[in-house]
Amino acid sequence: MERRTVGSAALEVGAVGLGCMPMSWAYTASRQDGESSLRAVHTAVDHGTTLLDTADMYGPFTNELLLGRVLRERRREVFVSTKCGLLVGEQHLVANGRPSYVKRACDASLRRLQTDVIDLYQLHRADPEVPVEETWGAMAELVAAGKVRALGWCAVGARAARRAGAGIYDETLRQLRRAQQVFPVSCVQAELSVWSPEALAELLPWCTQRGVGFMAAMPLGNGFLTGTLTPGQGFEPDDVRARHPRFTAEMMAANQPIVAGLRRVAEVHGATPAQVALAWVLAQGRQVVPIPGAKQQRWTAENAGAAELRLTEEDFAEIAALPPARGSWD
């Protein structure tokens with residue numbers, strides 16, 4: 001099984017990780033099942049997945065509690081990544097980067113995860129009311145205290161937070177440069193997929209030049225690139241895709257050529273569109289680890305299998321020729 005390292009901390013992980021968020025947050029609550037999710041995590045680990053990514057806000061808190069049940073049995077087999085810095089309010093999220101809060105949040109995550117150390121502790125969002133140096137400094141103290149092994153930066157959501165006229169990751173890169181002056185950034189998490197390749201322009205090169213790991217979030221395009229969704233199928237109101245600009249019936253139909261192209265490549269290899277999409281992400285760099293979200297055993301096993309798929313130059317050319325994804329973000 002291929003292994004990769006997460007940044008300068010040289011923390012070894014399997015080639016394909018597991019985003020645990022859908023088990024407790026953002027996707028249809030009526031389809032969430034704790035016992036089924038537990039089986040899915042165990043299956044992922046059985047198939048070589050070692051990176052498990054969560055956050056205290058998923059649930060909130062229930063996702064960490066779920067993973068704690070896994071860690072109680074298999075802590076030595078897995079690499080645990082969780083996040084702090086976002087509070088769940090009534091119909092909104094609030095960033096909190098106060099040093100005192102960050103330290104309390106870490107202790108709470110350790111209890112829920114049933115572990116004495118977090119492998120990668122990520123700042124979920126920068127607090128506009130707190131200098132990033134103060135927040136990052138508090139997180140660095142957690143490393144010194146032995147509660148955390150390495151620090152990461154979550155840039156998911158940068159698209160919505162960017163300033164008018166700025167690039168998607170301009171503000172993220174500015175904050176990363178400031179954080180690096182305080183303590184090394186070991187990993188950056190951001191969206192990267194066939195239909196959202198924007199991180200390739202500046203953010204991933206920034207990481208590559210500095211030996212910083214890259215955790216590719218939403219590598220399957222919120223499920224669209226799996227080819228299992230039907231245009232116009234609709235989503236329940238609590239599902240994040242019900243408000244996503246690429247999941248209207250019109251845009252799902254318009255973006256079908258992307259799925260069709262992935263399916264053509266998959267048929268050549270006896271693979272699935274999802275595995276091709278993940279293999280494409282893996283090919284973007286040795287420090288890139290995709291973390292597809294899943295909550296069923298069959299999907300976690302299938303996703304882990306993408307690490308064995310080797311795309312050819314012809315495959316990459318066909319994928320590069322696919323039309324860009326459509327859907328207004330502004």
# chains A, B, ... in the order shown; residues from 1 in each chain; ligands from 1
$ residues_around --residues "Gly234 (chain A)" --least-positions-apart "4" --cutoff "9 Å" --atoms "only C-alpha atoms" --output "number ranges by chain"
A: 230, 241-242, 247-249
$ residues_around --residues "Gln175 (chain A)" --least-positions-apart "5" --cutoff "9 Å" --atoms "only C-alpha atoms" --output "list in words"
Ala126, Val132, Asp170 and Gln180 of chain A
$ write_last_selection --atoms "N, CA, C and O atoms" --output "tab-separated table (two decimals), in the first residue's frame"
chain	number	residue	atom	x	y	z
A	126	ALA	N	-9.93	31.23	10.31
A	126	ALA	CA	-9.28	32.32	11.02
A	126	ALA	C	-10.34	33.26	11.56
A	126	ALA	O	-11.33	33.56	10.88
A	132	VAL	N	-4.02	36.41	13.66
A	132	VAL	CA	-3.74	35.01	13.43
A	132	VAL	C	-2.51	34.55	14.20
A	132	VAL	O	-2.40	33.39	14.60
A	170	ASP	N	-6.02	34.25	-2.23
A	170	ASP	CA	-5.14	35.37	-1.89
A	170	ASP	C	-5.07	35.59	-0.38
A	170	ASP	O	-3.99	35.73	0.20
A	180	GLN	N	3.30	31.05	9.34
A	180	GLN	CA	4.60	30.40	9.21
A	180	GLN	C	5.69	31.12	10.00
A	180	GLN	O	6.69	30.50	10.38
$ select_by_dssp --residues "region 118-303 of chain A" --states "strand (DSSP E or B)" --output "MDAnalysis selection string"
chainID A and resid 118:123 148:154 187:191 193 196 213:217 288:291 293
$ closest_residue --among "A:Glu302, A:Glu2, A:Asp46, A:Asp119" --to "Lys147 (chain A)" --atoms "only C-alpha atoms"
A:Asp119
$ residues_around --residues "region 261-268 of chain A" --least-positions-apart "2" --cutoff "9 Å" --atoms "only C-alpha atoms" --output "count of residues only"
20
$ select_by_dssp --residues "region 113-224 of chain A" --states "helix (DSSP H, G or I)" --output "MDAnalysis selection string"
chainID A and resid 113 132:144 158:161 170:180 198:200 203:210 224
$ residues_around --residues "region 27-29 of chain A" --least-positions-apart "6" --cutoff "8 Å" --atoms "only C-alpha atoms" --output "list in words"
Phe235, Glu236, Pro237, Asp238, Asp239, Val240 and Arg241 of chain A
$ closest_atom_pairs --of "region 135-170 of chain A" --to "region 91-102 of chain A" --cutoff "12 Å" --atoms "only C-alpha atoms" --output "tab-separated table"
residue	atom	partner	partner_atom	distance
A:Thr135	CA	A:Gly97	CA	5.3
A:Trp136	CA	A:Pro99	CA	8.3
A:Gly137	CA	A:Pro99	CA	7.9
A:Ala138	CA	A:Pro99	CA	5.2
A:Met139	CA	A:Val102	CA	7.0
A:Ala140	CA	A:Pro99	CA	10.4
A:Glu141	CA	A:Pro99	CA	9.8
A:Leu142	CA	A:Val102	CA	9.2
A:Gly157	CA	A:Leu93	CA	11.9
$ residues_around --residues "region 181-189 of chain A" --least-positions-apart "3" --cutoff "6 Å" --atoms "only C-alpha atoms" --output "ChimeraX atom specification"
/A:7-8,151-155,178,212-216
$ write_last_selection --atoms "N, CA and C atoms" --output "PDB file, in the first residue's frame"
ATOM      1  N   GLY A   7       3.527  16.794   5.228  1.00  0.00           N
ATOM      2  CA  GLY A   7       4.359  17.954   5.448  1.00  0.00           C
ATOM      3  C   GLY A   7       5.642  17.712   6.203  1.00  0.00           C
ATOM      4  N   SER A   8       6.163  18.802   6.777  1.00  0.00           N
ATOM      5  CA  SER A   8       7.457  18.784   7.430  1.00  0.00           C
ATOM      6  C   SER A   8       7.482  17.903   8.663  1.00  0.00           C
ATOM      7  N   LEU A 151       0.566  21.060  13.147  1.00  0.00           N
ATOM      8  CA  LEU A 151      -0.518  22.012  12.926  1.00  0.00           C
ATOM      9  C   LEU A 151      -0.857  22.133  11.447  1.00  0.00           C
ATOM     10  N   GLY A 152      -2.146  22.284  11.168  1.00  0.00           N
ATOM     11  CA  GLY A 152      -2.603  22.438   9.796  1.00  0.00           C
ATOM     12  C   GLY A 152      -3.566  23.602   9.657  1.00  0.00           C
ATOM     13  N   TRP A 153      -3.763  23.999   8.413  1.00  0.00           N
ATOM     14  CA  TRP A 153      -4.627  25.150   8.095  1.00  0.00           C
ATOM     15  C   TRP A 153      -5.722  24.679   7.149  1.00  0.00           C
ATOM     16  N   CYS A 154      -6.965  24.911   7.516  1.00  0.00           N
ATOM     17  CA  CYS A 154      -8.088  24.513   6.666  1.00  0.00           C
ATOM     18  C   CYS A 154      -8.542  25.697   5.836  1.00  0.00           C
ATOM     19  N   ALA A 155      -8.385  25.582   4.514  1.00  0.00           N
ATOM     20  CA  ALA A 155      -8.773  26.665   3.611  1.00  0.00           C
ATOM     21  C   ALA A 155     -10.073  26.359   2.879  1.00  0.00           C
ATOM     22  N   ARG A 178       1.838  34.622   7.432  1.00  0.00           N
ATOM     23  CA  ARG A 178       1.929  35.148   8.797  1.00  0.00           C
ATOM     24  C   ARG A 178       2.060  34.008   9.804  1.00  0.00           C
ATOM     25  N   VAL A 212       5.091  21.502   2.533  1.00  0.00           N
ATOM     26  CA  VAL A 212       3.853  21.453   3.309  1.00  0.00           C
ATOM     27  C   VAL A 212       2.894  20.445   2.670  1.00  0.00           C
ATOM     28  N   GLY A 213       2.316  19.578   3.470  1.00  0.00           N
ATOM     29  CA  GLY A 213       1.366  18.598   2.955  1.00  0.00           C
ATOM     30  C   GLY A 213       0.090  19.259   2.466  1.00  0.00           C
ATOM     31  N   PHE A 214      -0.655  18.558   1.628  1.00  0.00           N
ATOM     32  CA  PHE A 214      -1.905  19.095   1.083  1.00  0.00           C
ATOM     33  C   PHE A 214      -2.988  18.039   1.215  1.00  0.00           C
ATOM     34  N   MET A 215      -4.021  18.364   1.974  1.00  0.00           N
ATOM     35  CA  MET A 215      -5.154  17.471   2.159  1.00  0.00           C
ATOM     36  C   MET A 215      -6.267  17.924   1.220  1.00  0.00           C
ATOM     37  N   ALA A 216      -6.573  17.120   0.217  1.00  0.00           N
ATOM     38  CA  ALA A 216      -7.547  17.504  -0.805  1.00  0.00           C
ATOM     39  C   ALA A 216      -8.963  17.187  -0.339  1.00  0.00           C
TER      40      ALA A 216
END
$ closest_atom_pairs --of "region 121-166 of chain A" --to "region 49-69 of chain A" --cutoff "10 Å" --atoms "only C-alpha atoms" --output "tab-separated table"
residue	atom	partner	partner_atom	distance
A:Tyr121	CA	A:Ala55	CA	9.2
A:Gln122	CA	A:Ala55	CA	8.6
A:Leu123	CA	A:Ala55	CA	9.7
A:His124	CA	A:Ala55	CA	8.0
$ write_last_selection --atoms "N, CA and C atoms" --output "mmCIF file, in the first residue's frame"
data_model
loop_
_atom_site.group_PDB
_atom_site.id
_atom_site.type_symbol
_atom_site.label_atom_id
_atom_site.label_comp_id
_atom_site.auth_asym_id
_atom_site.auth_seq_id
_atom_site.Cartn_x
_atom_site.Cartn_y
_atom_site.Cartn_z
ATOM 1 N N TYR A 121 -3.624 19.037 14.138
ATOM 2 C CA TYR A 121 -4.669 19.929 14.662
ATOM 3 C C TYR A 121 -4.773 21.107 13.711
ATOM 4 N N GLN A 122 -5.945 21.278 13.114
ATOM 5 C CA GLN A 122 -6.125 22.295 12.084
ATOM 6 C C GLN A 122 -6.973 23.463 12.583
ATOM 7 N N LEU A 123 -6.626 24.650 12.117
ATOM 8 C CA LEU A 123 -7.466 25.813 12.354
ATOM 9 C C LEU A 123 -8.545 25.818 11.280
ATOM 10 N N HIS A 124 -9.795 25.653 11.708
ATOM 11 C CA HIS A 124 -10.894 25.505 10.756
ATOM 12 C C HIS A 124 -11.171 26.808 10.008
#
